[in-house]
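Take a look at the structure below.
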Amino acid sequence: MAVIINDTCINCGACIDECPVEAIVDEDDNPQDEEVYYVYSDKCVECVGHHDEPACATACPTEGCITWDAIGESPSHRDDVTDDQRSNKEPVVE
Ligand code: SF4
Ligand code: SF4
């Protein structure tokens, strides 16, 4: 994963059009069959080269809904995010 949307997502849709690489799908297309939006880790670039911080998290109105996750298949990632932030799934935006 790269960033992850957790189960506090309210399906408001604010994030999906902000993603520069179309990594986000809505609850109808969630491959895990969960009723929340979903980030494809093999597409998410953590907004490197696009924005100063992940645009989905900036747009999200739900506190703590979008968190850091392991780099995994992400084609690009932020070097300033620590392993602790990733393993503890800390919010992207505090
Ligand atoms: S961090 Fe950026 S690239 Fe990744 S899902 Fe969010 S908006 Fe898309
Ligand atoms: S902006 Fe946040 S609450 Fe709204 S759909 Fe995206 S992840 Fe869910």
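Within each chain, counting starts at residue 1; across the structure tokens, chains are named A, B, ... in the order shown, with ligands numbered 1 upward in that order.
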Within 12 Å of ligand 2, which residues of chain A come that close, and what is the closest atom pair and distance in Å for each? Count only C-alpha atoms and all ligand atoms and give it as CSV.
```
residue,atom,partner,partner_atom_place_in_ligand_line,distance
A:Val3,CA,ligand 2,7 (S),10.4
A:Ile4,CA,ligand 2,7 (S),8.6
A:Ile5,CA,ligand 2,7 (S),5.4
A:Asn6,CA,ligand 2,7 (S),7.6
A:Asp7,CA,ligand 2,8 (Fe),8.5
A:Thr8,CA,ligand 2,3 (S),7.0
A:Cys9,CA,ligand 2,8 (Fe),3.7
A:Ile10,CA,ligand 2,3 (S),4.4
A:Asn11,CA,ligand 2,5 (S),3.8
A:Cys12,CA,ligand 2,4 (Fe),3.9
A:Gly13,CA,ligand 2,5 (S),4.0
A:Ala14,CA,ligand 2,1 (S),4.2
A:Cys15,CA,ligand 2,1 (S),4.2
A:Ile16,CA,ligand 2,6 (Fe),6.3
A:Asp17,CA,ligand 2,6 (Fe),9.5
A:Glu18,CA,ligand 2,1 (S),9.3
A:Cys19,CA,ligand 2,6 (Fe),10.2
A:Ala23,CA,ligand 2,6 (Fe),11.7
A:Ile24,CA,ligand 2,6 (Fe),8.4
A:Val25,CA,ligand 2,5 (S),9.1
A:Asp26,CA,ligand 2,5 (S),7.2
A:Glu27,CA,ligand 2,5 (S),8.5
A:Asp28,CA,ligand 2,5 (S),11.8
A:Asn30,CA,ligand 2,5 (S),11.7
A:Glu34,CA,ligand 2,8 (Fe),11.9
A:Glu35,CA,ligand 2,8 (Fe),9.9
A:Val36,CA,ligand 2,8 (Fe),6.5
A:Tyr37,CA,ligand 2,5 (S),5.5
A:Tyr38,CA,ligand 2,7 (S),7.7
A:Val39,CA,ligand 2,7 (S),9.0
A:Pro54,CA,ligand 2,1 (S),11.7
A:Ala55,CA,ligand 2,1 (S),9.7
A:Cys56,CA,ligand 2,1 (S),6.4
A:Ala57,CA,ligand 2,2 (Fe),7.0
A:Thr58,CA,ligand 2,1 (S),8.5
A:Ala59,CA,ligand 2,1 (S),5.8
A:Cys60,CA,ligand 2,1 (S),3.5
A:Pro61,CA,ligand 2,2 (Fe),5.9
A:Thr62,CA,ligand 2,3 (S),5.2
A:Glu63,CA,ligand 2,2 (Fe),8.3
A:Gly64,CA,ligand 2,2 (Fe),8.9
A:Cys65,CA,ligand 2,2 (Fe),6.0
A:Ile66,CA,ligand 2,7 (S),6.2
A:Thr67,CA,ligand 2,7 (S),9.8
A:Pro91,CA,ligand 2,2 (Fe),11.6
A:Val92,CA,ligand 2,7 (S),11.5
A:Val93,CA,ligand 2,2 (Fe),11.3
```
(message) Measuring between only C-alpha atoms and all ligand atoms, which one of A:Glu46, A:Gln32, A:Ser76, A:Ser41 shows the shortest distance to ligand 1?
(response)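 Distance minimum relative to ligand 1 lands on A:Glu46.
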(request) Calculate how many Å separate CA of Trp68 in chain A from CA of Pro31 in chain A, rounding to one decimal. (result)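 These two atoms are separated by 19.5 Å.
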(request) Using only C-alpha atoms and all ligand atoms, pick whichever of A:Glu53, A:Asp80, A:Asp33, A:Glu73 has the shortest atom-to-atom distance to ligand 1. (result) A:Glu53
(request) Calculate how many Å separate CA of Asp83 in chain A from CA of Val48 in chain A, rounding to one decimal. (result)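 If I compute the distance from CA of Asp83 in chain A to CA of Val48 in chain A, I get 17.5 Å.
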(request) Skip Asp69 in chain A itself and residues of its chain fewer than 4 positions away, then list as JSON, numbers by chain all residues within 7 Å of it, counting only C-alpha atoms. (result) {"A": [1, 2, 3, 4, 86, 87, 89]}
(message) Please return, as a list in words, all residues of chain A that DSSP assigns to strand (DSSP E) on the basis of the backbone.
(response)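 Matching residues for strand (DSSP E) in chain A are Val3, Ile4, Ile5, Ile24, Val25, Tyr38, Val39, Ile66, Thr67 and Trp68 of chain A.
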(request) Run DSSP on the backbone and give me the residues of chain A it puts in alpha helix (DSSP H), as JSON, numbers by chain. (result) {"A": [55, 56, 57, 58, 59, 83, 84, 85, 86, 87]}
Selection from above, N, CA and C atoms, as a PDB file, in the first residue's frame, can you write it?
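Written out: result15.pdb:
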```
ATOM      1  N   ALA A  55      -3.037  14.644  -2.034  1.00  0.00           N
ATOM      2  CA  ALA A  55      -4.215  15.479  -2.274  1.00  0.00           C
ATOM      3  C   ALA A  55      -5.492  14.848  -1.742  1.00  0.00           C
ATOM      4  N   CYS A  56      -5.554  13.542  -1.735  1.00  0.00           N
ATOM      5  CA  CYS A  56      -6.757  12.884  -1.220  1.00  0.00           C
ATOM      6  C   CYS A  56      -6.950  13.206   0.255  1.00  0.00           C
ATOM      7  N   ALA A  57      -5.850  13.166   0.996  1.00  0.00           N
ATOM      8  CA  ALA A  57      -5.921  13.427   2.433  1.00  0.00           C
ATOM      9  C   ALA A  57      -6.236  14.891   2.712  1.00  0.00           C
ATOM     10  N   THR A  58      -5.717  15.780   1.885  1.00  0.00           N
ATOM     11  CA  THR A  58      -6.026  17.202   2.045  1.00  0.00           C
ATOM     12  C   THR A  58      -7.519  17.445   1.846  1.00  0.00           C
ATOM     13  N   ALA A  59      -8.100  16.748   0.903  1.00  0.00           N
ATOM     14  CA  ALA A  59      -9.514  16.958   0.569  1.00  0.00           C
ATOM     15  C   ALA A  59     -10.463  16.251   1.532  1.00  0.00           C
ATOM     16  N   ASP A  83       9.359   4.937   8.766  1.00  0.00           N
ATOM     17  CA  ASP A  83       8.815   3.577   8.864  1.00  0.00           C
ATOM     18  C   ASP A  83       7.795   3.489   9.992  1.00  0.00           C
ATOM     19  N   ASP A  84       8.052   4.228  11.088  1.00  0.00           N
ATOM     20  CA  ASP A  84       7.107   4.226  12.205  1.00  0.00           C
ATOM     21  C   ASP A  84       5.761   4.810  11.791  1.00  0.00           C
ATOM     22  N   GLN A  85       5.803   5.907  11.042  1.00  0.00           N
ATOM     23  CA  GLN A  85       4.548   6.507  10.573  1.00  0.00           C
ATOM     24  C   GLN A  85       3.779   5.510   9.710  1.00  0.00           C
ATOM     25  N   ARG A  86       4.499   4.757   8.920  1.00  0.00           N
ATOM     26  CA  ARG A  86       3.839   3.775   8.040  1.00  0.00           C
ATOM     27  C   ARG A  86       3.320   2.578   8.832  1.00  0.00           C
ATOM     28  N   SER A  87       4.155   2.041   9.686  1.00  0.00           N
ATOM     29  CA  SER A  87       3.728   0.829  10.396  1.00  0.00           C
ATOM     30  C   SER A  87       2.636   1.129  11.425  1.00  0.00           C
TER      31      SER A  87
END
```
(message) Could you list, as a PyMOL selection string, every residue within 8 Å of Lys43 in chain A, counting only C-alpha atoms and ignoring same-chain residues fewer than 5 positions away?
(response) chain A and resi 21-23+74-75
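For the pair CA of Thr82 in chain A and CA of Pro20 in chain A, the separation is 23.4 Å.
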(request) Find, counting only C-alpha atoms and all ligand atoms, the residue in A:Asn88, A:His50, A:Val81, A:Val45 that gets nearest to ligand 1. (result) A:Val45
(message) Which residue is closest to ligand 1? Choose from A:Cys47, A:Glu90, A:Asp52, A:Asp79 and count only C-alpha atoms and all ligand atoms.
(response) A:Cys47
